[in-house]
Each structure stands twice: as C-alpha cells, then as structure tokens.
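Engineer: The structure under discussion is supplied below as structure tokens; questions concerning it will follow.
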Amino acid sequence: MLKQRTLKSITRAVGVGLHSGQRVELTLRPAAPNTGIVFRRVDLPQPVDIPVRFDSVCDTRMASTISPGGDPGAPKVQTIEHLMSACAGLGLDNLYVDITADEVPILDGSSASFVFLLQSAGIEQQNAAKKFLRVKKTVEIREGEGERAMWAKLEPHHGWRFTFEIAFNHPALDATGQQVVFEMGSGRYKQEIARARTFGFTKDVEAMRSRGLTLGGSMDNAIVIDDYRVLNADGLRYDDEFAKHKILDAIGDLYIAGHPLLAAYTSFKGGHALNNKLLRKLLADADAWELVTFEDEAKAPAGFAQLAPAW
Ligand SMILES: [Zn+2]
C-alpha cells in the first residue's frame with residue numbers, strides 16, 4: 001500500500017512575512033492520518049485552526065491566503081504557497097503548522113529552506129493509504145484577450161506534470177528560459193525547483209508598499225529587477241529561475257486541494273488567482289475527478305512510492 005506521510009519530529013523556523021514584514025515563528029508538528037495540513041494561529045486569544053482546502057482560499061492577489069471556510073473577515077494566513085510546495089515535494093500528507101502571525105515567513109524566497117527543515121525533522125509513513133486526486137477530464141480556465149491572455153489547464157495524466165510558460169516582455173526575463181516542464185515523479189523537486197526564488201520589479205515596489213505589501217521584501221528573499229536587469233549581486237540560481245518559481249508556486253497552489261494530483265498542469269502566464277480558479281472549477285465538476293489509492297505500489301506513478309524522495 002502506498003502510505004500517507006507525516007513528520008517524525010517537531011521542527012521550528014523563524015522569519016519575516018514577505019508582505020507584512022512581521023516577525024513570525026512556525027512550529028511544524030506531526031499529525032494523524034487523514035488530518036491533512038492544518039494551520040493554527042497560536043497568537044490569538046483562542047487558537048484558530050485553518051485547514052488547507054481549496055475553499056479556504058480567501059485572497060489570491062499577491063499570494064495564496066487562507067481562512068476558515070474562506071471567510072475574508074476571519075483570521076487568516078497568507079503566503080502559504082512555498083511551504084505547501086515543499087510539502088508536496090516531499091509527499092507530506094498530514095501536518096500541523098502552528099504560526100504566530102498572519103503570514104508564513106518568506107525565508108530565502110524559495111521553498112528550499114522548508115524542504116531542508118522538513119527533511120531534517122524526518123518523514124514517517126503512516127498506516128493509512130495515501131489519497132491522490134485523479135483528474136478524469138480536461139478542465140481549463142482562460143482570462144484576458146490578446147497581450148493580456150493567460151490560461152491554465154489540467155489534463156488526465158498518470159503522474160503529476162507541470163508545464164509553465166512565462167512572457168513578461170522584459171529584457172532580463174526574456175533572456176532566461178521561458179518554458180519549463182517538470183515531472184514530480186522524477187525525484188528532482190529539491191534540485192530542479194525548490195531553489196527558485198520569488199521575484200519582483202522595483203517599479204512596483206512603491207505602489208505595493210503603499211498598499212501594505214512586500215514590506216518584508218529585500219534582495220535576501222527575492223530576485224529584484226529594475227527596467228533592464230537583475231539587481232541581485234549573485235545573479236540567478238537557475239538559467240530559468242523565473243519560470244521555475246512559477247512552477248514552484250503552481251505546485252503549492254494545487255496542493256491546496258489536500259492531495260497530490262494525478263494530472264498534467266499547463267499554464268501560460270498564470271498565477272495564484274488562476275490556479276485557485278482552476279482548482280475550484282475541477283472540484284465543482286464531480287465527473288472531472290476522483291480520489292484514488294494504490295494498494296499495489298507498483299501501480300502508482302513512477303517515483304511516488306519512494307519514502308521522502310526529493311520530489
Ligand atoms: Zn512564489
């Protein structure tokens with residue numbers, strides 16, 4: 001049987017939120033089978049649990065933000081996507097995330113620090129079958145026209161494949177790889193995807209700060225780009241770091257479904273909003289998906305049966 005996984009021990013991280021700039025502590029704890037991933041706001045007078053579900057997403061403007069039942073007035077946790085991506089990459093099904101503020105720390109702007117943290121705590125198999133969300137028919141979201149067109153789709157696939165194409169019409173970004181294809185079962189999440197950092201443009205910073213966004217952003221946790229070039233002294237970590245970060249985000253955004261998908265995801269210029277709309281459209285159509293388990297590990301997609309691989 002292909003089994004669910006949780007952490008072996010408790011682990012902690014301290015950092016600042018990218019948007020809030022607030023100091024925040026995370027405590028990651030093992031959870032029982034079928035718990036899923038649950039954030040707990042422990043800074044509030046009464047701790048509030050926020051289970052990660054497609055319909056707990058309440059804001060997707062700059063990051064993926066969740067609240068109980070998706071209620072915009074309820075306590076929230078923003079910027080969950082990089083931690084969710086690391087959990088997907090390590091095949092973690094069940095986890096409690098105690099958090100002392102309303103935003104997950106940005107750390108180095110990628111998911112590599114979360115991968116390191118989770119792997120250091122150790123990963124344990126549990127006596128319950130791991131559930132996959134198998135996509136049975138193609139679901140697609142398209143928005144905008146002409147230059148502004150963007151789309152994302154999910155197609156049936158015996159594995160979990162991501163194809164992302166960026167098009168920013170900017171000299172520094174156009175000079176890098178525009179399209180990346182990544183298969184989760186390759187075992188190369190940690191090497192190929194996890195180190196890709198989030199990025200931002202200096203021209204947007206003032207406007208975003210005036211709206212209370214990116215207050216914690218710096219060259220320590222983002223690739224910063226002016227009108228012509230990347231400003232970080234060390235340059236890029238991958239030749240196609242921008243497209244890879246979009247895949248890192250998409251992995252985290254889709255893992256909000258609560259299970260790994262068996263699907264091929266393809267997007268052109270998508271983002272958090274489109275990813276959540278795609279997930280909602282998929283899950284709203286009962287004929288488009290089903291939950292499956294693998295009693296016989298040999299029938300699972302290649303790579304998914306290894307314990308704590310780097311995918
Ligand atoms: Zn991101």
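By order in the structure tokens, chains are A, B, ...; within a chain, residues start at 1; ligands start at 1, following the order shown.
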Give me, as number ranges by chain, the set of residues whose atoms come within 10 Å of any atom of ligand 1, counting only C-alpha atoms and all ligand atoms.

Structural biologist: A: 62-64, 79-83, 85, 106, 109-111, 196-199, 222, 242, 244-250, 252-253, 271-272

Engineer: Give me, as an MDAnalysis selection string, all polymer residues having an atom no more than 9 Å from A:Gly159, counting only C-alpha atoms and skipping those fewer than 4 positions away in the same chain.

Structural biologist: chainID A and resid 183:185 261:264 300:304

Engineer: Give me the residues of stretch 54-130 of chain A that have any atom at most 10 Å from an atom of stretch 277-292 of chain A; for each, the nearest atom pair and the distance in Å, rounded to one decimal. Use only C-alpha atoms, sort by chain and number, and format it as JSON lines.

Structural biologist:
```
{"residue": "A:Phe54", "atom": "CA", "partner": "A:Arg280", "partner_atom": "CA", "distance": 6.7}
{"residue": "A:Asp55", "atom": "CA", "partner": "A:Arg280", "partner_atom": "CA", "distance": 7.5}
{"residue": "A:Thr60", "atom": "CA", "partner": "A:Lys277", "partner_atom": "CA", "distance": 9.8}
{"residue": "A:Ala129", "atom": "CA", "partner": "A:Val292", "partner_atom": "CA", "distance": 9.3}
{"residue": "A:Lys130", "atom": "CA", "partner": "A:Val292", "partner_atom": "CA", "distance": 8.3}
```

Engineer: Would you save the residues from that selection as a compact mmCIF listing (two decimals), in the first residue's frame, using N, CA and C atoms?

Structural biologist:
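The resulting out-v6.txt:
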```txt
# COMPACT_ATOMS: atom_id res chain seq x y z
N PHE A 54 -9.34 23.67 -0.81
CA PHE A 54 -9.48 24.57 -1.97
C PHE A 54 -10.40 25.75 -1.65
N ASP A 55 -11.40 25.50 -0.78
CA ASP A 55 -12.37 26.56 -0.50
C ASP A 55 -12.03 27.36 0.75
N THR A 60 -6.10 35.85 -3.42
CA THR A 60 -5.03 35.34 -4.29
C THR A 60 -4.33 36.48 -5.00
N ALA A 129 -3.82 4.63 3.65
CA ALA A 129 -3.50 4.74 2.22
C ALA A 129 -3.43 6.21 1.81
N LYS A 130 -2.41 6.54 1.05
CA LYS A 130 -2.26 7.90 0.53
C LYS A 130 -3.30 8.12 -0.56
```

Engineer: Between atom CA of A:Trp151 and atom CA of A:Gly270, what distance in Å does the model show, to one decimal?

Structural biologist: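 Atom CA of A:Gly270 lies 5.9 Å from atom CA of A:Trp151.
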
Engineer: Which residues, written as a list in words, have at least one atom at most 8 Å from A:Val57, with only C-alpha atoms counted and residues fewer than 3 positions away on the same chain left out?

Structural biologist: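 In the requested format, the answer is Arg53, Phe54, Thr60, Ser64, Thr65, Ile66, Ser67, Gly69, Gly70 and Asn276 of chain A.
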
Engineer: Write a file of the selected residues as a PDB file, in the first residue's frame, keeping N, CA and C atoms.

Structural biologist:
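Heads up, here's the output in out03.pdb:
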```pdb
ATOM      1  N   ARG A  53      -7.716  23.752   2.420  1.00  0.00           N
ATOM      2  CA  ARG A  53      -8.695  23.179   1.487  1.00  0.00           C
ATOM      3  C   ARG A  53      -8.859  24.161   0.339  1.00  0.00           C
ATOM      4  N   PHE A  54      -9.339  23.672  -0.810  1.00  0.00           N
ATOM      5  CA  PHE A  54      -9.480  24.571  -1.967  1.00  0.00           C
ATOM      6  C   PHE A  54     -10.400  25.746  -1.649  1.00  0.00           C
ATOM      7  N   THR A  60      -6.096  35.854  -3.418  1.00  0.00           N
ATOM      8  CA  THR A  60      -5.026  35.339  -4.286  1.00  0.00           C
ATOM      9  C   THR A  60      -4.327  36.485  -5.001  1.00  0.00           C
ATOM     10  N   SER A  64      -1.159  33.191  -1.971  1.00  0.00           N
ATOM     11  CA  SER A  64      -2.345  32.417  -1.620  1.00  0.00           C
ATOM     12  C   SER A  64      -2.588  32.536  -0.121  1.00  0.00           C
ATOM     13  N   THR A  65      -3.778  33.033   0.221  1.00  0.00           N
ATOM     14  CA  THR A  65      -4.157  33.313   1.601  1.00  0.00           C
ATOM     15  C   THR A  65      -5.367  32.464   1.959  1.00  0.00           C
ATOM     16  N   ILE A  66      -5.345  31.874   3.157  1.00  0.00           N
ATOM     17  CA  ILE A  66      -6.476  31.041   3.581  1.00  0.00           C
ATOM     18  C   ILE A  66      -7.068  31.552   4.893  1.00  0.00           C
ATOM     19  N   SER A  67      -8.332  31.202   5.095  1.00  0.00           N
ATOM     20  CA  SER A  67      -9.025  31.490   6.354  1.00  0.00           C
ATOM     21  C   SER A  67     -10.056  30.375   6.540  1.00  0.00           C
ATOM     22  N   GLY A  69     -13.047  28.368   6.177  1.00  0.00           N
ATOM     23  CA  GLY A  69     -14.170  28.451   5.239  1.00  0.00           C
ATOM     24  C   GLY A  69     -14.010  29.502   4.156  1.00  0.00           C
ATOM     25  N   GLY A  70     -12.819  30.085   4.040  1.00  0.00           N
ATOM     26  CA  GLY A  70     -12.597  31.124   3.025  1.00  0.00           C
ATOM     27  C   GLY A  70     -13.245  32.451   3.379  1.00  0.00           C
ATOM     28  N   ASN A 276      -6.184  28.892  -8.328  1.00  0.00           N
ATOM     29  CA  ASN A 276      -7.295  28.559  -7.437  1.00  0.00           C
ATOM     30  C   ASN A 276      -8.613  28.442  -8.199  1.00  0.00           C
TER      31      ASN A 276
END
```

Engineer: Could you tell me how far atom CA of A:Glu25 sits from atom CA of A:Ile223, in Å to one decimal place?

Structural biologist: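 Calculated distance between atom CA of A:Ile223 and atom CA of A:Glu25 is 23.7 Å.
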
Engineer: Quick one, how far is atom CA of A:Arg5 from atom CA of A:Tyr96?

Structural biologist: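 Computing it gives 12.6 Å between the two atoms.
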
Engineer: Using only C-alpha atoms, which residues sit within 9 Å of stretch 226-234 of chain A once same-chain residues fewer than 5 positions away are excluded, as number ranges by chain?

Structural biologist: A: 170-173, 200-203, 219-220

Engineer: Create the file for the chosen residues now, containing all heavy atoms and written as a short mmCIF file (atom, residue, chain, number, x, y, z; two decimals), in the first residue's frame.

Structural biologist:
```
data_model
loop_
_atom_site.label_atom_id
_atom_site.label_comp_id
_atom_site.auth_asym_id
_atom_site.auth_seq_id
_atom_site.Cartn_x
_atom_site.Cartn_y
_atom_site.Cartn_z
N HIS A 170 10.16 41.71 -20.99
CA HIS A 170 11.14 42.46 -20.19
C HIS A 170 12.51 41.87 -20.53
O HIS A 170 12.67 40.65 -20.50
CB HIS A 170 10.81 42.28 -18.71
CG HIS A 170 11.74 43.00 -17.79
ND1 HIS A 170 13.06 42.62 -17.61
CD2 HIS A 170 11.55 44.10 -17.02
CE1 HIS A 170 13.63 43.44 -16.76
NE2 HIS A 170 12.75 44.35 -16.39
N PRO A 171 13.52 42.72 -20.80
CA PRO A 171 14.80 42.18 -21.29
C PRO A 171 15.44 41.15 -20.36
O PRO A 171 15.95 40.13 -20.84
CB PRO A 171 15.69 43.42 -21.44
CG PRO A 171 14.96 44.55 -20.79
CD PRO A 171 13.50 44.19 -20.78
N ALA A 172 15.40 41.38 -19.04
CA ALA A 172 16.06 40.45 -18.12
C ALA A 172 15.34 39.11 -18.05
O ALA A 172 15.97 38.06 -17.93
CB ALA A 172 16.16 41.06 -16.73
N LEU A 173 14.01 39.14 -18.13
CA LEU A 173 13.25 37.89 -18.05
C LEU A 173 13.22 37.17 -19.39
O LEU A 173 13.30 35.94 -19.44
CB LEU A 173 11.82 38.14 -17.55
CG LEU A 173 11.75 38.34 -16.03
CD1 LEU A 173 12.05 39.76 -15.65
CD2 LEU A 173 10.42 37.89 -15.49
N GLY A 200 10.45 40.27 -8.03
CA GLY A 200 9.64 41.49 -8.04
C GLY A 200 10.37 42.59 -8.79
O GLY A 200 11.59 42.54 -8.97
N PHE A 201 9.60 43.58 -9.22
CA PHE A 201 10.13 44.67 -10.02
C PHE A 201 10.20 45.95 -9.18
O PHE A 201 9.24 46.29 -8.50
CB PHE A 201 9.22 44.90 -11.24
CG PHE A 201 9.14 43.69 -12.13
CD1 PHE A 201 8.14 42.74 -11.95
CD2 PHE A 201 10.07 43.49 -13.14
CE1 PHE A 201 8.07 41.61 -12.75
CE2 PHE A 201 10.00 42.36 -13.95
CZ PHE A 201 9.00 41.42 -13.77
N THR A 202 11.33 46.66 -9.28
CA THR A 202 11.49 47.89 -8.48
C THR A 202 10.37 48.89 -8.79
O THR A 202 9.92 49.60 -7.91
CB THR A 202 12.86 48.56 -8.74
OG1 THR A 202 13.03 48.67 -10.15
CG2 THR A 202 14.00 47.76 -8.15
N LYS A 203 9.90 48.90 -10.04
CA LYS A 203 8.87 49.88 -10.42
C LYS A 203 7.54 49.63 -9.67
O LYS A 203 6.74 50.54 -9.54
CB LYS A 203 8.63 49.89 -11.93
CG LYS A 203 8.02 48.63 -12.51
CD LYS A 203 7.79 48.76 -14.01
CE LYS A 203 7.45 47.48 -14.72
NZ LYS A 203 6.31 46.72 -14.24
N MET A 219 16.53 41.95 -1.21
CA MET A 219 17.32 41.08 -2.08
C MET A 219 17.76 39.80 -1.38
O MET A 219 18.29 38.91 -2.00
CB MET A 219 18.51 41.84 -2.64
CG MET A 219 18.10 42.61 -3.89
SD MET A 219 19.49 43.26 -4.79
CE MET A 219 19.33 44.98 -4.39
N ASP A 220 17.50 39.72 -0.04
CA ASP A 220 17.78 38.47 0.67
C ASP A 220 16.70 37.43 0.44
O ASP A 220 16.88 36.25 0.73
CB ASP A 220 17.88 38.72 2.19
CG ASP A 220 19.08 39.57 2.53
OD1 ASP A 220 20.07 39.52 1.76
OD2 ASP A 220 19.01 40.29 3.55
#
```

Engineer: Could you give me, as a VMD selection string, each residue of stretch 61-139 of chain A that DSSP assigns to helix (DSSP H, G or I) when run on this structure's backbone?

Structural biologist: chain A and resid 68 to 70 81 to 89 112 to 121

Engineer: Which one of A:Ser113, A:Gly17, A:Ala167, A:Ser120 sits closest to A:Glu147 if you count only C-alpha atoms?

Structural biologist: A:Ala167

Engineer: I'd like the neighbourhood of A:Ala31 as a count of residues only, where a residue qualifies if any of its atoms comes within 7 Å (using only C-alpha atoms), though same-chain residues fewer than 2 positions away should be ignored.

Structural biologist: 7

Engineer: Hey, which of A:Leu44, A:Ala13, A:Ala74, A:Leu26 ends up closest to A:Ile99? Count only C-alpha atoms.

Structural biologist: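 Of A:Leu44, A:Ala13, A:Ala74, A:Leu26, the one nearest A:Ile99, counting only C-alpha atoms, is A:Leu26.
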
Engineer: Pick from A:Gly15, A:Pro47, A:Pro75, A:Gly91: nearest to A:Gly217, with only C-alpha atoms counted?

Structural biologist: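 Going through A:Gly15, A:Pro47, A:Pro75, A:Gly91 one by one, the smallest distance to A:Gly217 is for A:Gly15.
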
Engineer: Please identify all polymer residues within 8 Å of stretch 37-43 of chain A, counting only C-alpha atoms, omitting same-chain residues fewer than 6 positions from it, and present them as a PyMOL selection string.

Structural biologist: chain A and resi 49-52+75+77+93-102+258

Engineer: May I have the selected residues written with C-alpha atoms, as a PDB file, in the first residue's frame?

Structural biologist:
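So again-v1.pdb came out as:
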```pdb
ATOM      1  CA  ASP A  49      -7.434  26.210  13.111  1.00  0.00           C
ATOM      2  CA  ILE A  50      -7.382  26.792   9.366  1.00  0.00           C
ATOM      3  CA  PRO A  51      -7.422  23.502   7.448  1.00  0.00           C
ATOM      4  CA  VAL A  52      -5.896  23.787   3.984  1.00  0.00           C
ATOM      5  CA  PRO A  75      -8.326  35.107  10.951  1.00  0.00           C
ATOM      6  CA  VAL A  77      -2.676  33.017   6.999  1.00  0.00           C
ATOM      7  CA  ASP A  93       0.065  14.459   3.703  1.00  0.00           C
ATOM      8  CA  ASN A  94      -0.508  15.356   7.349  1.00  0.00           C
ATOM      9  CA  LEU A  95       0.976  18.260   9.282  1.00  0.00           C
ATOM     10  CA  TYR A  96       0.113  20.893  11.880  1.00  0.00           C
ATOM     11  CA  VAL A  97       1.625  24.314  11.273  1.00  0.00           C
ATOM     12  CA  ASP A  98       1.460  26.500  14.385  1.00  0.00           C
ATOM     13  CA  ILE A  99       2.037  30.107  13.394  1.00  0.00           C
ATOM     14  CA  THR A 100       2.395  33.284  15.487  1.00  0.00           C
ATOM     15  CA  ALA A 101       1.264  35.842  12.862  1.00  0.00           C
ATOM     16  CA  ASP A 102      -0.867  36.021   9.733  1.00  0.00           C
ATOM     17  CA  GLY A 258      -5.302  18.455   0.041  1.00  0.00           C
TER      18      GLY A 258
END
```

Engineer: Ranking A:Val48, A:Leu90, A:Ala149, A:Pro105 by minimum distance to A:Val16 and counting only C-alpha atoms, which one comes first?

Structural biologist: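 Smallest distance to A:Val16 is found for A:Pro105.
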
Engineer: So that I can check the secondary structure, give me every residue of stretch 46-258 of chain A assigned strand (DSSP E) by backbone DSSP, as a PyMOL selection string.

Structural biologist: chain A and resi 48-51+57-59+65-66+95-99+123-129+132-135+139-143+150-156+160-165+179-183+199-201+223-225

Engineer: Given the selection you just returned, output its residues as a file containing N, CA and C atoms, formatted as a compact mmCIF listing (two decimals), in the first residue's frame.

Structural biologist:
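part06.txt written:
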```txt
# COMPACT_ATOMS: atom_id res chain seq x y z
N VAL A 48 -6.95 29.50 16.48
CA VAL A 48 -7.89 29.23 15.39
C VAL A 48 -7.23 28.28 14.40
N ASP A 49 -7.93 27.17 14.10
CA ASP A 49 -7.43 26.21 13.11
C ASP A 49 -7.92 26.59 11.72
N ILE A 50 -7.02 26.54 10.76
CA ILE A 50 -7.38 26.79 9.37
C ILE A 50 -6.92 25.60 8.52
N PRO A 51 -7.82 24.64 8.28
CA PRO A 51 -7.42 23.50 7.45
C PRO A 51 -7.20 23.97 6.01
N VAL A 57 -9.32 29.18 0.55
CA VAL A 57 -8.57 30.29 -0.06
C VAL A 57 -9.47 31.52 -0.13
N CYS A 58 -9.01 32.63 0.51
CA CYS A 58 -9.86 33.83 0.56
C CYS A 58 -9.25 35.01 -0.19
N ASP A 59 -7.98 34.90 -0.61
CA ASP A 59 -7.34 36.01 -1.33
C ASP A 59 -6.19 35.43 -2.15
N THR A 65 -3.78 33.03 0.22
CA THR A 65 -4.16 33.31 1.60
C THR A 65 -5.37 32.46 1.96
N ILE A 66 -5.35 31.87 3.16
CA ILE A 66 -6.48 31.04 3.58
C ILE A 66 -7.07 31.55 4.89
N LEU A 95 0.05 17.35 8.61
CA LEU A 95 0.98 18.26 9.28
C LEU A 95 0.18 19.35 10.00
N TYR A 96 0.61 19.68 11.22
CA TYR A 96 0.11 20.89 11.88
C TYR A 96 1.16 21.98 11.75
N VAL A 97 0.73 23.17 11.40
CA VAL A 97 1.62 24.31 11.27
C VAL A 97 1.15 25.39 12.25
N ASP A 98 1.79 25.45 13.42
CA ASP A 98 1.46 26.50 14.39
C ASP A 98 2.18 27.77 13.95
N ILE A 99 1.46 28.88 13.93
CA ILE A 99 2.04 30.11 13.39
C ILE A 99 1.66 31.28 14.29
N ILE A 123 10.76 12.16 7.94
CA ILE A 123 9.43 11.89 7.40
C ILE A 123 9.08 10.44 7.66
N GLU A 124 7.84 10.24 8.10
CA GLU A 124 7.42 8.94 8.57
C GLU A 124 6.20 8.46 7.80
N GLN A 125 6.17 7.19 7.48
CA GLN A 125 4.98 6.63 6.83
C GLN A 125 3.94 6.32 7.90
N GLN A 126 2.67 6.42 7.50
CA GLN A 126 1.58 6.17 8.43
C GLN A 126 0.71 5.04 7.91
N ASN A 127 -0.04 4.43 8.82
CA ASN A 127 -0.79 3.25 8.41
C ASN A 127 -2.14 3.62 7.81
N ALA A 128 -2.10 4.34 6.72
CA ALA A 128 -3.32 4.72 6.00
C ALA A 128 -2.92 4.96 4.55
N ALA A 129 -3.82 4.63 3.65
CA ALA A 129 -3.50 4.74 2.22
C ALA A 129 -3.43 6.21 1.81
N PHE A 132 -4.83 10.21 -3.77
CA PHE A 132 -4.48 11.08 -4.89
C PHE A 132 -5.77 11.60 -5.53
N LEU A 133 -5.70 12.81 -6.03
CA LEU A 133 -6.85 13.38 -6.72
C LEU A 133 -6.60 13.18 -8.22
N ARG A 134 -7.29 12.19 -8.77
CA ARG A 134 -7.04 11.86 -10.19
C ARG A 134 -7.97 12.67 -11.09
N VAL A 135 -7.38 13.42 -12.00
CA VAL A 135 -8.16 14.21 -12.95
C VAL A 135 -8.63 13.29 -14.08
N VAL A 139 -9.85 20.24 -17.70
CA VAL A 139 -10.51 21.43 -17.15
C VAL A 139 -9.59 22.60 -17.43
N GLU A 140 -10.16 23.71 -17.89
CA GLU A 140 -9.34 24.83 -18.31
C GLU A 140 -9.95 26.16 -17.89
N ILE A 141 -9.09 27.12 -17.57
CA ILE A 141 -9.53 28.49 -17.28
C ILE A 141 -8.74 29.42 -18.19
N ARG A 142 -9.45 30.30 -18.88
CA ARG A 142 -8.79 31.31 -19.73
C ARG A 142 -9.26 32.68 -19.30
N GLU A 143 -8.33 33.64 -19.29
CA GLU A 143 -8.71 35.02 -18.97
C GLU A 143 -7.96 35.98 -19.87
N MET A 150 -4.15 34.85 -20.62
CA MET A 150 -3.46 33.87 -19.77
C MET A 150 -4.38 32.68 -19.57
N TRP A 151 -3.81 31.53 -19.33
CA TRP A 151 -4.65 30.36 -19.11
C TRP A 151 -3.93 29.31 -18.28
N ALA A 152 -4.72 28.39 -17.77
CA ALA A 152 -4.19 27.24 -17.03
C ALA A 152 -5.14 26.07 -17.25
N LYS A 153 -4.58 24.89 -17.39
CA LYS A 153 -5.46 23.72 -17.56
C LYS A 153 -4.89 22.48 -16.90
N LEU A 154 -5.78 21.54 -16.62
CA LEU A 154 -5.43 20.24 -16.06
C LEU A 154 -5.95 19.18 -17.00
N GLU A 155 -5.09 18.21 -17.33
CA GLU A 155 -5.49 17.11 -18.20
C GLU A 155 -5.17 15.78 -17.50
N PRO A 156 -5.89 14.73 -17.84
CA PRO A 156 -5.59 13.42 -17.25
C PRO A 156 -4.15 13.00 -17.56
N TRP A 160 2.31 13.52 -12.12
CA TRP A 160 1.96 14.92 -11.81
C TRP A 160 2.96 15.80 -12.53
N ARG A 161 2.54 16.30 -13.69
CA ARG A 161 3.46 17.04 -14.54
C ARG A 161 3.07 18.51 -14.61
N PHE A 162 4.08 19.37 -14.63
CA PHE A 162 3.87 20.82 -14.69
C PHE A 162 4.58 21.39 -15.89
N THR A 163 3.87 22.17 -16.68
CA THR A 163 4.47 22.89 -17.79
C THR A 163 4.07 24.35 -17.62
N PHE A 164 5.05 25.24 -17.56
CA PHE A 164 4.73 26.65 -17.35
C PHE A 164 5.49 27.50 -18.34
N GLU A 165 4.80 28.44 -18.94
CA GLU A 165 5.46 29.39 -19.84
C GLU A 165 5.21 30.81 -19.35
N GLN A 179 10.06 28.52 -20.89
CA GLN A 179 9.16 27.40 -20.60
C GLN A 179 9.90 26.31 -19.84
N VAL A 180 9.25 25.80 -18.79
CA VAL A 180 9.83 24.70 -18.02
C VAL A 180 8.80 23.58 -17.93
N VAL A 181 9.27 22.35 -18.09
CA VAL A 181 8.43 21.17 -17.90
C VAL A 181 9.06 20.38 -16.76
N PHE A 182 8.23 20.02 -15.78
CA PHE A 182 8.75 19.29 -14.62
C PHE A 182 7.78 18.18 -14.24
N GLU A 183 8.33 16.99 -14.06
CA GLU A 183 7.51 15.83 -13.65
C GLU A 183 7.86 15.51 -12.20
N PHE A 199 10.16 36.74 -7.30
CA PHE A 199 10.81 37.90 -7.93
C PHE A 199 9.85 39.09 -7.96
N GLY A 200 10.45 40.27 -8.03
CA GLY A 200 9.64 41.49 -8.04
C GLY A 200 10.37 42.59 -8.79
N PHE A 201 9.60 43.58 -9.22
CA PHE A 201 10.13 44.67 -10.02
C PHE A 201 10.20 45.95 -9.18
N ILE A 223 14.32 37.90 -6.04
CA ILE A 223 15.10 38.43 -7.16
C ILE A 223 14.47 39.80 -7.44
N VAL A 224 15.30 40.83 -7.43
CA VAL A 224 14.78 42.18 -7.65
C VAL A 224 15.26 42.65 -9.03
N ILE A 225 14.32 43.19 -9.81
CA ILE A 225 14.61 43.52 -11.20
C ILE A 225 14.21 44.97 -11.47
```

Engineer: Pick the closest to A:Tyr189 from A:Arg23, A:Cys87, A:Gly122, A:Ser210: which is it, counting only C-alpha atoms?

Structural biologist: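 The shortest atom-to-atom distance to A:Tyr189 comes from A:Cys87.
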